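Novice: Dropping the structure in here first, questions after.
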Amino acid sequence: MRQISGAFNKTLKELLREKAALFWTIAWPVIWVIIASFSFTGSAPQEVIPYIKGAVTISMMVFALMIGGMSNLPASIAGDRANGLLAKLISMPIRPYKDFVGRVLAVVALSLLAAATVVVVGLATGARFTGTEAELAQAIGFICLIICASSGVGLIAGTLIKQLQGAIMTGVGIAVITSAVSGLFAPYEVLPVPLQIFSRVYPISSAHASIVSLLAGPEVAGYNPLTSGQITLTVVLSFVFLLVGTVLYSRLGWKLE
């Protein structure tokens, strides 16, 4: 537990000192919430505008979680590889899982801070949400799935991309591109059929649609993501991403070159 705590504290302090990490994780989603809240809802009926703003807020909250796992996590791994710290850790009697659990928990802590900030800003700009306490609890479950899938992608990128800058940009690129083609940045209805299929299969966009359906209304999500088959697919693929990332990091990333 001490080793996990040490990895957590070190990673979190590094992330809080890194201006680029804070910008992409917190400032960038907040900026887009503000822009979208005042730019993209003018032609909608007044009674639905607060819920459209709620959907925008959810999208940017999910994007903040994605950046945390897909960019900050590989940046932490690549940074320690570059400065020689990872080689020292590997030479010590430390199990790989204790290192990446500490890293992931630190990234999750910053990501949840970013998500909370996005929601507060969204509420301040007029976002409103529907849903009961039970639906809110279900939405939190889907947030956990997004964190799992994003962390899995981050572990894969941090293992395969050796250079710090490359790891950061790869993570940001994956987050931005997949968000653009899976319905986070555009309504599901306007996506071409192949991208609609991808949106349903990609666990992060599927979990995002589930949260939107629960907290902003099923009509805003564009389809029903809460069927038993869709939920099962989302859960399974989220953990597959995390499992693949964990195995790759343990076997390929956690060894001296």
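Chain labels run A, B, ... following the order of the structure tokens; each chain numbers its residues from 1, and ligands are numbered from 1 in the order shown.
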Write down as an MDAnalysis selection string the residues of segment 64-95 of chain A whose backbone DSSP state falls under helix (DSSP H, G or I).
Specialist: chainID A and resid 64:82 85:91
Novice: What lies within 7 Å of segment 152-161 of chain A using only C-alpha atoms, ignoring chain neighbours under 6 positions off, as a ChimeraX atom specification?
Specialist: /A:69-71,73-75,77-78,167,171,241-246,248-249,252-253
Novice: Just the residues within 9 Å of segment 80-86 of chain A, please, counting only C-alpha atoms, with nothing from its chain fewer than 2 positions along; format it as a PyMOL selection string.
Specialist: chain A and resi 75-78+88-91+162-164+254-256
Novice: With a distance cut-off of 10 Å and only C-alpha atoms, select the neighbouring residues of Ile58 of chain A, excluding the residue or stretch itself and same-chain residues fewer than 6 positions from it, and output the selection as a tab-separated table (two decimals) with N, CA, C and O atoms, in the first residue's frame.
Specialist:
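The result, written out as part.tsv:
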```tsv
chain	number	residue	atom	x	y	z
A	33	VAL	N	-17.35	24.36	-22.83
A	33	VAL	CA	-18.67	24.45	-22.20
A	33	VAL	C	-19.21	25.86	-22.32
A	33	VAL	O	-20.38	26.09	-22.67
A	52	ILE	N	-30.08	20.91	-23.43
A	52	ILE	CA	-29.02	20.87	-24.44
A	52	ILE	C	-27.70	21.29	-23.82
A	52	ILE	O	-26.65	20.68	-24.05
A	64	ALA	N	-12.93	15.51	-20.57
A	64	ALA	CA	-11.94	15.73	-19.52
A	64	ALA	C	-11.44	14.41	-18.95
A	64	ALA	O	-10.23	14.23	-18.71
A	115	ALA	N	-13.74	17.04	-14.02
A	115	ALA	CA	-15.14	16.76	-14.31
A	115	ALA	C	-16.06	17.59	-13.42
A	115	ALA	O	-17.06	18.15	-13.88
A	118	VAL	N	-16.06	21.18	-14.63
A	118	VAL	CA	-16.87	21.32	-15.85
A	118	VAL	C	-18.36	21.36	-15.49
A	118	VAL	O	-19.11	22.19	-16.02
A	119	VAL	N	-18.79	20.48	-14.60
A	119	VAL	CA	-20.20	20.45	-14.22
A	119	VAL	C	-20.61	21.75	-13.52
A	119	VAL	O	-21.68	22.31	-13.80
A	122	GLY	N	-20.88	24.37	-16.12
A	122	GLY	CA	-22.07	24.11	-16.91
A	122	GLY	C	-23.34	24.57	-16.20
A	122	GLY	O	-24.20	25.22	-16.79
A	127	ALA	N	-26.93	25.05	-17.58
A	127	ALA	CA	-27.18	23.63	-17.83
A	127	ALA	C	-28.09	23.07	-16.74
A	127	ALA	O	-27.95	23.40	-15.56
A	129	PHE	N	-30.20	19.23	-15.57
A	129	PHE	CA	-30.21	17.79	-15.77
A	129	PHE	C	-31.51	17.20	-15.24
A	129	PHE	O	-32.12	17.74	-14.31
A	184	LEU	N	-19.37	12.64	-29.46
A	184	LEU	CA	-19.17	13.54	-28.31
A	184	LEU	C	-19.23	15.00	-28.73
A	184	LEU	O	-19.74	15.83	-27.99
A	208	HIS	N	-20.97	7.49	-22.71
A	208	HIS	CA	-21.37	8.90	-22.77
A	208	HIS	C	-22.85	9.02	-23.14
A	208	HIS	O	-23.60	9.78	-22.52
A	209	ALA	N	-23.27	8.27	-24.16
A	209	ALA	CA	-24.67	8.31	-24.57
A	209	ALA	C	-25.59	7.83	-23.44
A	209	ALA	O	-26.69	8.36	-23.26
A	211	ILE	N	-25.02	8.18	-20.20
A	211	ILE	CA	-25.10	9.26	-19.21
A	211	ILE	C	-26.04	10.36	-19.70
A	211	ILE	O	-26.87	10.87	-18.95
A	212	VAL	N	-25.91	10.71	-20.99
A	212	VAL	CA	-26.79	11.73	-21.57
A	212	VAL	C	-28.24	11.29	-21.48
A	212	VAL	O	-29.13	12.07	-21.11
A	215	LEU	N	-29.38	11.60	-17.77
A	215	LEU	CA	-29.37	12.90	-17.10
A	215	LEU	C	-29.87	14.06	-17.96
A	215	LEU	O	-30.13	15.14	-17.43
A	216	ALA	N	-29.97	13.86	-19.29
A	216	ALA	CA	-30.47	14.94	-20.15
A	216	ALA	C	-31.69	14.52	-20.96
A	216	ALA	O	-32.28	15.35	-21.64
```
Novice: In terms of the shortest atom-to-atom distance over only C-alpha atoms, which of A:Ser250, A:Asn72, A:Thr232, A:Gln165 is closest to Leu110 of chain A?
Specialist: A:Asn72
